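Take a look at the structure set out below.
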Amino acid sequence: MTADMSPMRPRVIVNCAMSPDGKIAGTERRQLRISSSEDMDRVRRLRSECQAILVGAGTILADDPHLTVKGLPKERQALRVVLDPRGKVPETSMVLDERASTLMVTNEDCTRQYAGTEVVRLGKGTIDLNALLHVLGGRGVSTLLVEGGGETIFSFFQAGLVDIFSVYIGEYIIGGREAPSPVDGDGFKAGEHVPMRLTSVDRLGEGVHLTYEVLRDA
Ligand SMILES: NC(=O)c1ccc[n+]([C@@H]2O[C@H](COP(=O)([O-])OP(=O)(O)OC[C@H]3O[C@@H](n4cnc5c(N)ncnc54)[C@H](OP(=O)(O)O)[C@@H]3O)[C@@H](O)[C@H]2O)c1
């Protein structure tokens with residue numbers, strides 16, 4: 001394929017909700033409702049504007065989300081994408097139901113099949129996220145929404161693939177040194193931090209929604 005025939009890389013929006021002390025769940029890593037109802041409306045609108053929604057296996061195991069928008073017909077639901085490098089997501093997970101199409105992403109060593117669900121195998125050990133965006137771009141995905149958790153969001157930042165960081169800050173403290181945060185992983189060393197520009201601040205119910213644009217070549 002020549003360069004000008006390559007599909008466009010999808011724009012990557014990270015969206016999550018955290019407590020004022022910077023946690024996306026408690027130490028037991030179970031789902032907590034952090035968003036206000038106004039923020040949940042915003043997330044529904046955002047989901048319906050994206051062609052694909054991605055989470056990591058850890059979020060599936062912890063929260064078992066279905067990643068759909070209630071009321072939308074199947075053909076208008078975003079493609080659900082799950083990073084499951086070693087094939088540990090249970091067959092009974094809601095993300096594997098019939099409400100929307102799903103793409104499971106494993107590494108190249110994993111042979112797991114998921115009943116009735118498409119699989120792509122990308123990368124040795126860790127998943128090659130650039131290759132994944134190429135696959136999604138080739139399917140007409142122009143905007144990918146990455147919803148978590150902290151390990152997955154870190155891996156997108158580490159690969160330099162995040163365009164927009166959108167975070168809702170709720171109104172109660174969660175606490176706990178082991179509680180996950182929006183961007184976990186190994187973290188960035190001094191001098192490698194990711195520069196961003198704050199582009200909007202909106203009060204939504206009792207919390208606040210912030211949008212940042214990631215700066216390239218800063
Ligand atoms: N408040 C919010 O907005 C929000 C949203 C989502 C989730 N959460 C919370 O976040 C927590 C889960 O977060 P988490 O960080 O533990 O899990 P996670 O990010 O959902 O999933 C992490 C796993 O995904 C796989 N993965 C991610 N990036 C990869 C890459 N580049 N290559 C290969 N594999 C990759 C790895 O699977 P393997 O382990 O198999 O290697 C990794 O351990 C839960 O407590 C959940 O409630 C909160």
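Residue numbering restarts at 1 in every chain; chains get A, B, ... in the order shown in the structure tokens, and ligands count up from 1 in that same order.
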
At a cut-off of 6 Å, can you tabulate as a Markdown table every residue of chain A near ligand 1 together with its closest atom pair and the distance in Å to one decimal, using only C-alpha atoms and all ligand atoms and ordering rows by chain then number?
| residue | atom | partner | partner_atom_place_in_ligand_line | distance |
| --- | --- | --- | --- | --- |
| A:Cys16 | CA | ligand 1 | 3 (O) | 3.4 |
| A:Ala17 | CA | ligand 1 | 3 (O) | 3.9 |
| A:Met18 | CA | ligand 1 | 1 (N) | 5.4 |
| A:Ile24 | CA | ligand 1 | 1 (N) | 3.8 |
| A:Ala25 | CA | ligand 1 | 45 (O) | 4.8 |
| A:Arg29 | CA | ligand 1 | 45 (O) | 3.4 |
| A:Arg30 | CA | ligand 1 | 47 (O) | 4.8 |
| A:Gln31 | CA | ligand 1 | 47 (O) | 3.9 |
| A:Val55 | CA | ligand 1 | 20 (O) | 5.4 |
| A:Gly56 | CA | ligand 1 | 21 (O) | 3.5 |
| A:Ala57 | CA | ligand 1 | 24 (O) | 4.4 |
| A:Gly58 | CA | ligand 1 | 17 (O) | 3.5 |
| A:Thr59 | CA | ligand 1 | 20 (O) | 3.6 |
| A:Ala62 | CA | ligand 1 | 44 (C) | 5.2 |
| A:Asp63 | CA | ligand 1 | 47 (O) | 5.5 |
| A:Leu83 | CA | ligand 1 | 25 (C) | 5.1 |
| A:Asp84 | CA | ligand 1 | 37 (O) | 5.4 |
| A:Pro85 | CA | ligand 1 | 34 (N) | 4.9 |
| A:Arg86 | CA | ligand 1 | 40 (O) | 4.8 |
| A:Thr126 | CA | ligand 1 | 32 (N) | 3.7 |
| A:Ile127 | CA | ligand 1 | 32 (N) | 3.7 |
| A:Glu147 | CA | ligand 1 | 5 (C) | 5.3 |
| A:Gly148 | CA | ligand 1 | 6 (C) | 3.9 |
| A:Gly149 | CA | ligand 1 | 19 (O) | 3.4 |
| A:Gly150 | CA | ligand 1 | 15 (O) | 3.8 |
| A:Glu151 | CA | ligand 1 | 15 (O) | 3.7 |
| A:Thr152 | CA | ligand 1 | 19 (O) | 3.7 |
| A:Ser155 | CA | ligand 1 | 31 (N) | 4.9 |

I'd like the neighbourhood of Thr106 of chain A as JSON, numbers by chain, where a residue qualifies if any of its atoms comes within 10 Å (using only C-alpha atoms), though same-chain residues fewer than 4 positions away should be ignored.
{"A": [82, 83, 84, 85, 86, 87, 88, 110, 111, 112, 113, 119, 120, 121, 122, 123, 124, 125, 126, 127, 128]}

Could you list, as a PDB file with all heavy atoms, in the first residue's frame, every residue within 10 Å of Val12 of chain A, counting only C-alpha atoms and ignoring same-chain residues fewer than 5 positions away?
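Saved file around_20.pdb follows:
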ATOM      1  N   CYS A  50     -18.787   8.606  18.413  1.00  0.00           N
ATOM      2  CA  CYS A  50     -17.551   7.860  18.098  1.00  0.00           C
ATOM      3  C   CYS A  50     -17.910   6.564  17.383  1.00  0.00           C
ATOM      4  O   CYS A  50     -18.964   5.993  17.622  1.00  0.00           O
ATOM      5  CB  CYS A  50     -16.785   7.549  19.384  1.00  0.00           C
ATOM      6  SG  CYS A  50     -16.226   9.059  20.198  1.00  0.00           S
ATOM      7  N   ALA A  52     -15.897   3.838  17.527  1.00  0.00           N
ATOM      8  CA  ALA A  52     -15.367   2.708  18.292  1.00  0.00           C
ATOM      9  C   ALA A  52     -15.090   3.156  19.730  1.00  0.00           C
ATOM     10  O   ALA A  52     -14.692   4.298  19.964  1.00  0.00           O
ATOM     11  CB  ALA A  52     -14.096   2.168  17.646  1.00  0.00           C
ATOM     12  N   ILE A  53     -15.331   2.234  20.674  1.00  0.00           N
ATOM     13  CA  ILE A  53     -15.102   2.492  22.109  1.00  0.00           C
ATOM     14  C   ILE A  53     -14.209   1.370  22.624  1.00  0.00           C
ATOM     15  O   ILE A  53     -14.512   0.189  22.416  1.00  0.00           O
ATOM     16  CB  ILE A  53     -16.428   2.461  22.905  1.00  0.00           C
ATOM     17  CG1 ILE A  53     -17.414   3.479  22.339  1.00  0.00           C
ATOM     18  CG2 ILE A  53     -16.175   2.698  24.391  1.00  0.00           C
ATOM     19  CD1 ILE A  53     -18.797   3.412  22.982  1.00  0.00           C
ATOM     20  N   LEU A 133      -4.720   1.006  15.500  1.00  0.00           N
ATOM     21  CA  LEU A 133      -5.351   2.199  14.924  1.00  0.00           C
ATOM     22  C   LEU A 133      -5.402   2.101  13.402  1.00  0.00           C
ATOM     23  O   LEU A 133      -6.361   2.557  12.772  1.00  0.00           O
ATOM     24  CB  LEU A 133      -4.613   3.468  15.364  1.00  0.00           C
ATOM     25  CG  LEU A 133      -4.752   3.848  16.833  1.00  0.00           C
ATOM     26  CD1 LEU A 133      -4.263   5.275  17.062  1.00  0.00           C
ATOM     27  CD2 LEU A 133      -6.189   3.731  17.339  1.00  0.00           C
ATOM     28  N   SER A 142     -13.180   7.024  12.503  1.00  0.00           N
ATOM     29  CA  SER A 142     -12.440   8.295  12.499  1.00  0.00           C
ATOM     30  C   SER A 142     -12.183   8.789  13.917  1.00  0.00           C
ATOM     31  O   SER A 142     -11.241   9.544  14.143  1.00  0.00           O
ATOM     32  CB  SER A 142     -13.161   9.361  11.671  1.00  0.00           C
ATOM     33  OG  SER A 142     -14.475   9.508  12.124  1.00  0.00           O
ATOM     34  N   THR A 143     -13.015   8.354  14.884  1.00  0.00           N
ATOM     35  CA  THR A 143     -12.764   8.725  16.277  1.00  0.00           C
ATOM     36  C   THR A 143     -12.902   7.495  17.160  1.00  0.00           C
ATOM     37  O   THR A 143     -13.923   6.805  17.137  1.00  0.00           O
ATOM     38  CB  THR A 143     -13.753   9.810  16.757  1.00  0.00           C
ATOM     39  OG1 THR A 143     -13.694  10.910  15.856  1.00  0.00           O
ATOM     40  CG2 THR A 143     -13.394  10.301  18.157  1.00  0.00           C
ATOM     41  N   LEU A 144     -11.844   7.242  17.936  1.00  0.00           N
ATOM     42  CA  LEU A 144     -11.828   6.134  18.890  1.00  0.00           C
ATOM     43  C   LEU A 144     -11.908   6.726  20.293  1.00  0.00           C
ATOM     44  O   LEU A 144     -11.122   7.601  20.647  1.00  0.00           O
ATOM     45  CB  LEU A 144     -10.517   5.336  18.748  1.00  0.00           C
ATOM     46  CG  LEU A 144     -10.244   4.312  19.856  1.00  0.00           C
ATOM     47  CD1 LEU A 144     -11.254   3.166  19.816  1.00  0.00           C
ATOM     48  CD2 LEU A 144      -8.814   3.763  19.740  1.00  0.00           C
ATOM     49  N   LEU A 145     -12.868   6.216  21.064  1.00  0.00           N
ATOM     50  CA  LEU A 145     -13.020   6.660  22.448  1.00  0.00           C
ATOM     51  C   LEU A 145     -12.389   5.610  23.359  1.00  0.00           C
ATOM     52  O   LEU A 145     -12.812   4.454  23.358  1.00  0.00           O
ATOM     53  CB  LEU A 145     -14.519   6.801  22.756  1.00  0.00           C
ATOM     54  CG  LEU A 145     -14.901   7.265  24.154  1.00  0.00           C
ATOM     55  CD1 LEU A 145     -14.346   8.663  24.445  1.00  0.00           C
ATOM     56  CD2 LEU A 145     -16.426   7.265  24.300  1.00  0.00           C
ATOM     57  N   VAL A 146     -11.388   6.013  24.132  1.00  0.00           N
ATOM     58  CA  VAL A 146     -10.726   5.097  25.070  1.00  0.00           C
ATOM     59  C   VAL A 146     -11.255   5.423  26.457  1.00  0.00           C
ATOM     60  O   VAL A 146     -11.081   6.533  26.952  1.00  0.00           O
ATOM     61  CB  VAL A 146      -9.188   5.256  25.003  1.00  0.00           C
ATOM     62  CG1 VAL A 146      -8.506   4.403  26.067  1.00  0.00           C
ATOM     63  CG2 VAL A 146      -8.671   4.889  23.615  1.00  0.00           C
ATOM     64  N   PHE A 156      -1.805   4.105  25.804  1.00  0.00           N
ATOM     65  CA  PHE A 156      -2.080   5.023  24.683  1.00  0.00           C
ATOM     66  C   PHE A 156      -1.225   6.285  24.790  1.00  0.00           C
ATOM     67  O   PHE A 156      -0.690   6.768  23.790  1.00  0.00           O
ATOM     68  CB  PHE A 156      -3.575   5.363  24.605  1.00  0.00           C
ATOM     69  CG  PHE A 156      -4.350   4.352  23.795  1.00  0.00           C
ATOM     70  CD1 PHE A 156      -4.847   3.215  24.394  1.00  0.00           C
ATOM     71  CD2 PHE A 156      -4.545   4.525  22.429  1.00  0.00           C
ATOM     72  CE1 PHE A 156      -5.549   2.268  23.650  1.00  0.00           C
ATOM     73  CE2 PHE A 156      -5.232   3.583  21.677  1.00  0.00           C
ATOM     74  CZ  PHE A 156      -5.734   2.451  22.288  1.00  0.00           C
ATOM     75  N   LEU A 161      -0.351   8.409  21.297  1.00  0.00           N
ATOM     76  CA  LEU A 161      -1.517   8.323  20.422  1.00  0.00           C
ATOM     77  C   LEU A 161      -2.743   9.069  20.934  1.00  0.00           C
ATOM     78  O   LEU A 161      -3.797   9.005  20.309  1.00  0.00           O
ATOM     79  CB  LEU A 161      -1.877   6.839  20.204  1.00  0.00           C
ATOM     80  CG  LEU A 161      -0.835   6.031  19.434  1.00  0.00           C
ATOM     81  CD1 LEU A 161      -1.206   4.551  19.415  1.00  0.00           C
ATOM     82  CD2 LEU A 161      -0.677   6.567  18.024  1.00  0.00           C
ATOM     83  N   VAL A 162      -2.636   9.757  22.068  1.00  0.00           N
ATOM     84  CA  VAL A 162      -3.824  10.447  22.611  1.00  0.00           C
ATOM     85  C   VAL A 162      -3.896  11.862  22.025  1.00  0.00           C
ATOM     86  O   VAL A 162      -2.911  12.595  22.025  1.00  0.00           O
ATOM     87  CB  VAL A 162      -3.786  10.510  24.152  1.00  0.00           C
ATOM     88  CG1 VAL A 162      -5.020  11.238  24.691  1.00  0.00           C
ATOM     89  CG2 VAL A 162      -3.685   9.107  24.750  1.00  0.00           C
ATOM     90  N   ASP A 163      -5.083  12.216  21.523  1.00  0.00           N
ATOM     91  CA  ASP A 163      -5.294  13.562  20.990  1.00  0.00           C
ATOM     92  C   ASP A 163      -6.025  14.446  21.992  1.00  0.00           C
ATOM     93  O   ASP A 163      -5.705  15.620  22.134  1.00  0.00           O
ATOM     94  CB  ASP A 163      -6.092  13.480  19.683  1.00  0.00           C
ATOM     95  CG  ASP A 163      -5.328  12.715  18.624  1.00  0.00           C
ATOM     96  OD1 ASP A 163      -4.259  13.199  18.209  1.00  0.00           O
ATOM     97  OD2 ASP A 163      -5.764  11.606  18.245  1.00  0.00           O
ATOM     98  N   ILE A 164      -7.045  13.884  22.656  1.00  0.00           N
ATOM     99  CA  ILE A 164      -7.876  14.660  23.591  1.00  0.00           C
ATOM    100  C   ILE A 164      -7.980  13.885  24.899  1.00  0.00           C
ATOM    101  O   ILE A 164      -8.236  12.662  24.881  1.00  0.00           O
ATOM    102  CB  ILE A 164      -9.314  14.859  23.026  1.00  0.00           C
ATOM    103  CG1 ILE A 164      -9.295  15.549  21.653  1.00  0.00           C
ATOM    104  CG2 ILE A 164     -10.206  15.604  24.026  1.00  0.00           C
ATOM    105  CD1 ILE A 164      -8.954  17.009  21.664  1.00  0.00           C
ATOM    106  N   PHE A 165      -7.792  14.579  26.016  1.00  0.00           N
ATOM    107  CA  PHE A 165      -7.991  13.967  27.338  1.00  0.00           C
ATOM    108  C   PHE A 165      -9.170  14.676  27.984  1.00  0.00           C
ATOM    109  O   PHE A 165      -9.138  15.886  28.196  1.00  0.00           O
ATOM    110  CB  PHE A 165      -6.728  14.124  28.188  1.00  0.00           C
ATOM    111  CG  PHE A 165      -6.836  13.500  29.549  1.00  0.00           C
ATOM    112  CD1 PHE A 165      -6.929  12.116  29.691  1.00  0.00           C
ATOM    113  CD2 PHE A 165      -6.854  14.280  30.696  1.00  0.00           C
ATOM    114  CE1 PHE A 165      -7.032  11.527  30.955  1.00  0.00           C
ATOM    115  CE2 PHE A 165      -6.950  13.703  31.963  1.00  0.00           C
ATOM    116  CZ  PHE A 165      -7.037  12.318  32.080  1.00  0.00           C
TER     117      PHE A 165
END

Distance query Glu178 of chain A at most 9 Å, only C-alpha atoms, self and fewer than 4 positions along chain excluded, as a list of chain:residue names
A:Gly26, A:Thr27, A:Glu28

What would the file look like if the residues just selected were written as a PDB file, in the first residue's frame with N, CA, C and O atoms?
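The resulting file, part38.pdb, is reproduced below:
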ATOM      1  N   GLY A  26     -12.022   2.482  43.712  1.00  0.00           N
ATOM      2  CA  GLY A  26     -11.424   2.289  45.033  1.00  0.00           C
ATOM      3  C   GLY A  26     -10.355   1.204  45.012  1.00  0.00           C
ATOM      4  O   GLY A  26     -10.069   0.607  43.968  1.00  0.00           O
ATOM      5  N   THR A  27      -9.779   0.914  46.176  1.00  0.00           N
ATOM      6  CA  THR A  27      -8.686  -0.071  46.226  1.00  0.00           C
ATOM      7  C   THR A  27      -9.164  -1.473  45.844  1.00  0.00           C
ATOM      8  O   THR A  27      -8.385  -2.290  45.369  1.00  0.00           O
ATOM      9  N   GLU A  28     -10.456  -1.737  46.001  1.00  0.00           N
ATOM     10  CA  GLU A  28     -10.966  -3.072  45.617  1.00  0.00           C
ATOM     11  C   GLU A  28     -11.253  -3.136  44.108  1.00  0.00           C
ATOM     12  O   GLU A  28     -11.669  -4.181  43.603  1.00  0.00           O
TER      13      GLU A  28
END

Write out as a list in words which residues come within 9 Å of Leu67 of chain A when counting only C-alpha atoms, dropping same-chain ones fewer than 5 positions away.
Arg47, Ile53, Leu54, Val55, Ala78, Arg80, Met94, Val95 and Ala100 of chain A

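Going from atom CA of Phe154 of chain A over to atom CA of Asp41 of chain A, you cover 25.7 Å.
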